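Data first, discussion second: the structure below is written as structure tokens.
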Amino acid sequence: MERLRRLAAHFLPVNRPKATVAVLGAAGGIGQPVALLLKLNPLIGDLRLYDIVNTPGVGADLSHINTGAKVTAFMGDAQLCDALSGCDLVIIPAGVPRKPGMTRDDLFNINAKIVKTLIEAVATYCPNAWIGIISNPVNSTVPIAAEVLKQKGVYDPLKLFGVTTLDVVRAETFVAEILGVDPKDVTVPVIGGHAGTTILPLLSQAMPALSLDDDKAKALMDRIQNAGTEVVNAKAGAGSATLSMAYAASEFADACLRALNGDTGVVLCTYVASNVTDLPFFASPVRLGKGGVEEFLPIGEMNKLEQENFEEMKGQLAINIKKGVDFVTGG
Ligand SMILES: NC(=O)C1=CN([C@@H]2O[C@H](COP(=O)(O)OP(=O)(O)OC[C@H]3O[C@@H](n4cnc5c(N)ncnc54)[C@H](O)[C@@H]3O)[C@@H](O)[C@H]2O)C=CC1
Ligand SMILES: O=C([O-])CC(=O)C(=O)O
């Protein structure tokens, strides 16, 4: 029986409908490696690469890889319609990255416009697609996207996601290093948002359990909250995390595609419209189903350090969310 089940699992993907996925910002530091990883995903039949520059080269290069996904490159506004029509999932890493000394919010002025324009196109050409936003500041760009979709009359809060997977990937990596175990055997929920103290790893819920004194727990929390800055500083002006982000985005996309395909039990932490707290958007563990977010899982108990951080972050996240909403509504 077990052998039959494994055989069925092996052959099932072959018969599944293949998804159409677009990457907007596909020629960039994240866009290129994420496109590579998506080209390797057997759940994707049609991979669309869109950017304002250089996609023909990236597309030609990737198209020679002997995996099933058909790769098509699109460049410039005039081709956005063709890039998006019929898409099931749109991943958006378009926008400028940080340099040392900048906060993610310093990217707002440029990236808010880019995300707004791209979401207007998504609303027009593939209004039913799931949307994963990587462009920073995620705490604000997701509310921007929600407002644009509302204005266009196609907002489905269950299908709009801020990609916070990299925070989970980092937390699990660092915890695994401390425990001396394989990172694949570690889970750490990360809630809140995606900047500074709004990134709240729930280390007290790490599995396997982690036993750290208060100082060490605080130091680990700080490292996870500032891991993006660690990469920005190490790259010394050449951008922010791209390769680890591409991996995280590919994991995020795979979770979405499995759920779209009817897999049950697909759970991940992501920044979405939410009633879990009194903030309108919040990252927390959710279960995905065919229609998007199917269930908000409980955040669970927080220890004193986490509870203090949670209280402290709320004001900041509320400001970030309002800034995004106001950008679209003019409020
Ligand atoms: N959510 C997260 O965890 C993370 C988010 N990021 C964010 O991802 C974004 C992209 O980072 P990188 O790829 O390193 O930057 P990059 O500068 O290397 O690439 C960005 C790409 O976006 C393209 N682009 C600009 N305007 C566009 C438009 N209107 N339509 C389509 N494409 C457009 C650019 O031509 C470029 O190819 C940044 O905002 C960065 O802060 C980065 C790492 C982690
Ligand atoms: O730090 C940045 O600017 C990019 C980012 O969001 C991350 O690496 O988490």
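By convention here, the chains of the structure tokens are called A, B, ... in the order presented, each chain's residues are numbered starting at 1, and ligands are numbered starting at 1 in the order presented.
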Set the cut-off to 10 Å, count only C-alpha atoms and all ligand atoms, and list whatever residues fall near ligand 2 as a ChimeraX atom specification.
/A:96-100,102-107,134-138,163-167,170,194-196,199,224-233,239-245
Based on the backbone DSSP call, show me all residues of segment 279-314 of chain A assigned helix (DSSP H, G or I), as a PyMOL selection string.
chain A and resi 304-314
Could you save those same residues with C-alpha atoms as a JSON list (two decimals), in the first residue's frame?
[["chain", "number", "residue", "atom", "x", "y", "z"],
["A", 304, "LYS", "CA", 7.80, 37.82, 27.83],
["A", 305, "LEU", "CA", 10.47, 38.98, 25.35],
["A", 306, "GLU", "CA", 8.25, 38.18, 22.37],
["A", 307, "GLN", "CA", 5.20, 39.80, 23.96],
["A", 308, "GLU", "CA", 7.18, 43.00, 24.61],
["A", 309, "ASN", "CA", 8.44, 43.07, 21.03],
["A", 310, "PHE", "CA", 4.89, 42.41, 19.79],
["A", 311, "GLU", "CA", 3.52, 45.40, 21.71],
["A", 312, "GLU", "CA", 6.41, 47.58, 20.53],
["A", 313, "MET", "CA", 6.07, 46.70, 16.84],
["A", 314, "LYS", "CA", 2.34, 47.39, 16.56]]
Would you give me, as a list in words, the residues in segment 78-209 of chain A that DSSP reads as strand (DSSP E or B)?
Leu89, Val90, Ile91, Ile92, Trp130, Ile131, Gly132, Ile133, Leu160, Phe161, Gly162, Thr187, Val190, Ile191, Gly192, Ile199, Leu200, Pro201 and Met207 of chain A
Kindly save the residues from that selection, with C-alpha atoms included, as an mmCIF file, in the first residue's frame.
data_model
loop_
_atom_site.group_PDB
_atom_site.id
_atom_site.type_symbol
_atom_site.label_atom_id
_atom_site.label_comp_id
_atom_site.auth_asym_id
_atom_site.auth_seq_id
_atom_site.Cartn_x
_atom_site.Cartn_y
_atom_site.Cartn_z
ATOM 1 C CA LEU A 89 0.465 33.432 -9.877
ATOM 2 C CA VAL A 90 2.401 36.680 -10.166
ATOM 3 C CA ILE A 91 5.635 37.137 -8.203
ATOM 4 C CA ILE A 92 6.842 40.746 -7.908
ATOM 5 C CA TRP A 130 -2.507 35.034 -6.706
ATOM 6 C CA ILE A 131 0.015 37.806 -6.047
ATOM 7 C CA GLY A 132 3.268 37.523 -4.055
ATOM 8 C CA ILE A 133 4.929 40.869 -3.335
ATOM 9 C CA LEU A 160 -2.651 38.839 -1.946
ATOM 10 C CA PHE A 161 0.556 37.993 -0.055
ATOM 11 C CA GLY A 162 3.634 39.801 1.188
ATOM 12 C CA THR A 187 10.485 25.119 12.175
ATOM 13 C CA VAL A 190 7.904 34.442 12.190
ATOM 14 C CA ILE A 191 5.043 36.909 12.580
ATOM 15 C CA GLY A 192 4.387 40.639 12.187
ATOM 16 C CA ILE A 199 9.929 40.907 12.129
ATOM 17 C CA LEU A 200 9.071 38.808 15.185
ATOM 18 C CA PRO A 201 10.519 35.278 15.269
ATOM 19 C CA MET A 207 10.801 22.981 16.901
#
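Interatomic distance, atom 24 (N, counted along the ligand's line) of ligand 1 to atom CA of Ile144 of chain A: 17.0 Å.
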Surrounding residues of Asn66 of chain A excluding itself and chain neighbours under 4 positions, 12 Å, only C-alpha atoms, as a list in words:
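My reading of the contact set: Leu36, Lys39, Leu40, Asn41, Pro42, Asp61, Leu62, Lys70 and Val71 of chain A.
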Tell me, as JSON, numbers by chain, which residues lie within 12 Å of Ile319 of chain A, counting only C-alpha atoms; anything in the same chain fewer than 6 positions away does not count.
{"A": [105, 139, 140, 143, 193, 198, 279, 280, 281, 313, 325, 326]}
Please save N, CA and C atoms of the selected residues as a PDB file, in the first residue's frame.
ATOM      1  N   ASP A 105      12.079  51.497   4.476  1.00  0.00           N
ATOM      2  CA  ASP A 105      11.117  52.569   4.210  1.00  0.00           C
ATOM      3  C   ASP A 105      11.712  53.646   3.295  1.00  0.00           C
ATOM      4  N   ASN A 139       5.878  46.003   4.223  1.00  0.00           N
ATOM      5  CA  ASN A 139       4.830  46.431   5.168  1.00  0.00           C
ATOM      6  C   ASN A 139       3.883  47.437   4.527  1.00  0.00           C
ATOM      7  N   SER A 140       4.384  48.202   3.535  1.00  0.00           N
ATOM      8  CA  SER A 140       3.560  49.217   2.866  1.00  0.00           C
ATOM      9  C   SER A 140       3.146  48.816   1.448  1.00  0.00           C
ATOM     10  N   PRO A 143      -0.269  46.788   1.423  1.00  0.00           N
ATOM     11  CA  PRO A 143      -1.443  47.668   1.509  1.00  0.00           C
ATOM     12  C   PRO A 143      -1.658  48.506   0.238  1.00  0.00           C
ATOM     13  N   GLY A 193       5.657  41.711  10.452  1.00  0.00           N
ATOM     14  CA  GLY A 193       5.832  42.328   9.135  1.00  0.00           C
ATOM     15  C   GLY A 193       7.208  42.008   8.614  1.00  0.00           C
ATOM     16  N   THR A 198       9.425  44.785  13.438  1.00  0.00           N
ATOM     17  CA  THR A 198       8.146  44.174  13.001  1.00  0.00           C
ATOM     18  C   THR A 198       8.360  42.717  12.575  1.00  0.00           C
ATOM     19  N   LEU A 279      -4.350  44.877  13.775  1.00  0.00           N
ATOM     20  CA  LEU A 279      -3.740  45.506  12.592  1.00  0.00           C
ATOM     21  C   LEU A 279      -4.367  44.923  11.322  1.00  0.00           C
ATOM     22  N   PRO A 280      -4.606  45.750  10.299  1.00  0.00           N
ATOM     23  CA  PRO A 280      -5.286  45.230   9.101  1.00  0.00           C
ATOM     24  C   PRO A 280      -4.453  44.259   8.265  1.00  0.00           C
ATOM     25  N   PHE A 281      -3.121  44.346   8.401  1.00  0.00           N
ATOM     26  CA  PHE A 281      -2.238  43.381   7.719  1.00  0.00           C
ATOM     27  C   PHE A 281      -1.281  42.838   8.759  1.00  0.00           C
ATOM     28  N   MET A 313       6.109  46.621  18.308  1.00  0.00           N
ATOM     29  CA  MET A 313       6.070  46.702  16.844  1.00  0.00           C
ATOM     30  C   MET A 313       4.745  47.232  16.293  1.00  0.00           C
ATOM     31  N   VAL A 325      -1.575  52.762   2.390  1.00  0.00           N
ATOM     32  CA  VAL A 325      -2.988  53.038   2.050  1.00  0.00           C
ATOM     33  C   VAL A 325      -3.120  54.482   1.566  1.00  0.00           C
ATOM     34  N   ASP A 326      -2.517  55.421   2.300  1.00  0.00           N
ATOM     35  CA  ASP A 326      -2.617  56.842   1.938  1.00  0.00           C
ATOM     36  C   ASP A 326      -2.026  57.132   0.568  1.00  0.00           C
TER      37      ASP A 326
END
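Each of A:Ile65, A:Ala27, A:Ala73, A:Val276 was compared to ligand 1 using only C-alpha atoms and all ligand atoms, and A:Ala27 turns out to be the nearest.
Ranking A:Asn54, A:Asn111, A:Ser250, A:Gln151 by their shortest atom-to-atom distance to Val21 of chain A, with only C-alpha atoms included, puts A:Ser250 first.
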I'd like the neighbourhood of segment 294-303 of chain A as a PyMOL selection string, where a residue qualifies if any of its atoms comes within 12 Å (using only C-alpha atoms), though same-chain residues fewer than 3 positions away should be ignored.
chain A and resi 157-159+188-192+200-206+214+217-218+256+259-260+262+264-277+282-291+306-311
Considering only C-alpha atoms and all ligand atoms, can you say which of A:Ala248, A:Ala253, A:Met221, A:Cys87 comes closest to ligand 1?
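Counting only C-alpha atoms and all ligand atoms, the residue closest to ligand 1 is A:Ala248.
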Using only C-alpha atoms, pick whichever of A:Gly45, A:Pro56, A:Gly28, A:Pro93 has the shortest atom-to-atom distance to Ala249 of chain A.
A:Pro93
9 Å contact set for segment 23-25 of chain A, only C-alpha atoms, chain neighbours under 4 positions out, as a ChimeraX atom specification:
/A:29-32,34-35,47-53,55,83,89-95,118
Let me see the file: selected residues, C-alpha atoms, as a compact mmCIF listing (two decimals), in the first residue's frame.
# COMPACT_ATOMS: atom_id res chain seq x y z
CA GLY A 29 19.17 40.45 -8.67
CA ILE A 30 16.26 38.42 -7.27
CA GLY A 31 14.35 38.07 -10.53
CA GLN A 32 17.01 36.07 -12.37
CA VAL A 34 14.03 33.09 -8.85
CA ALA A 35 13.23 32.60 -12.54
CA LEU A 47 6.92 30.92 -17.10
CA ARG A 48 6.65 34.57 -18.11
CA LEU A 49 9.59 36.92 -17.47
CA TYR A 50 8.80 40.62 -17.41
CA ASP A 51 11.07 43.60 -16.74
CA ILE A 52 11.72 47.04 -18.19
CA VAL A 53 15.22 45.86 -19.27
CA THR A 55 14.52 40.06 -20.30
CA ALA A 83 3.07 38.83 -19.84
CA LEU A 89 0.47 33.43 -9.88
CA VAL A 90 2.40 36.68 -10.17
CA ILE A 91 5.63 37.14 -8.20
CA ILE A 92 6.84 40.75 -7.91
CA PRO A 93 10.47 41.53 -7.06
CA ALA A 94 10.48 44.75 -9.16
CA GLY A 95 11.99 47.78 -7.49
CA LEU A 118 2.29 46.76 -11.83
Atom CA of Val115 of chain A to atom 32 (N, counted along the ligand's line) of ligand 1, straight-line distance in Å
9.2 Å
Could you check the closest approach to ligand 1 for each of A:Lys152, A:Lys216, A:Lys18, A:Lys235 and tell me which residue wins, using only C-alpha atoms and all ligand atoms?
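Using only C-alpha atoms and all ligand atoms, ligand 1 sits closest to A:Lys235.
Among the candidates A:Val142, A:Val328, A:Val148, A:Leu220, the residue lying nearest to ligand 1 is A:Val142 (atoms considered: only C-alpha atoms and all ligand atoms).
Here atom CA of Asp88 of chain A is placed at a distance of 5.4 Å from atom CA of Thr20 of chain A.
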If we count only C-alpha atoms, what is near Asp82 of chain A at a cut-off of 12 Å, once residues fewer than 3 positions away on the same chain are taken out, given as a PyMOL selection string?
chain A and resi 22+48-50+72-79+85-87+121-122+124-126
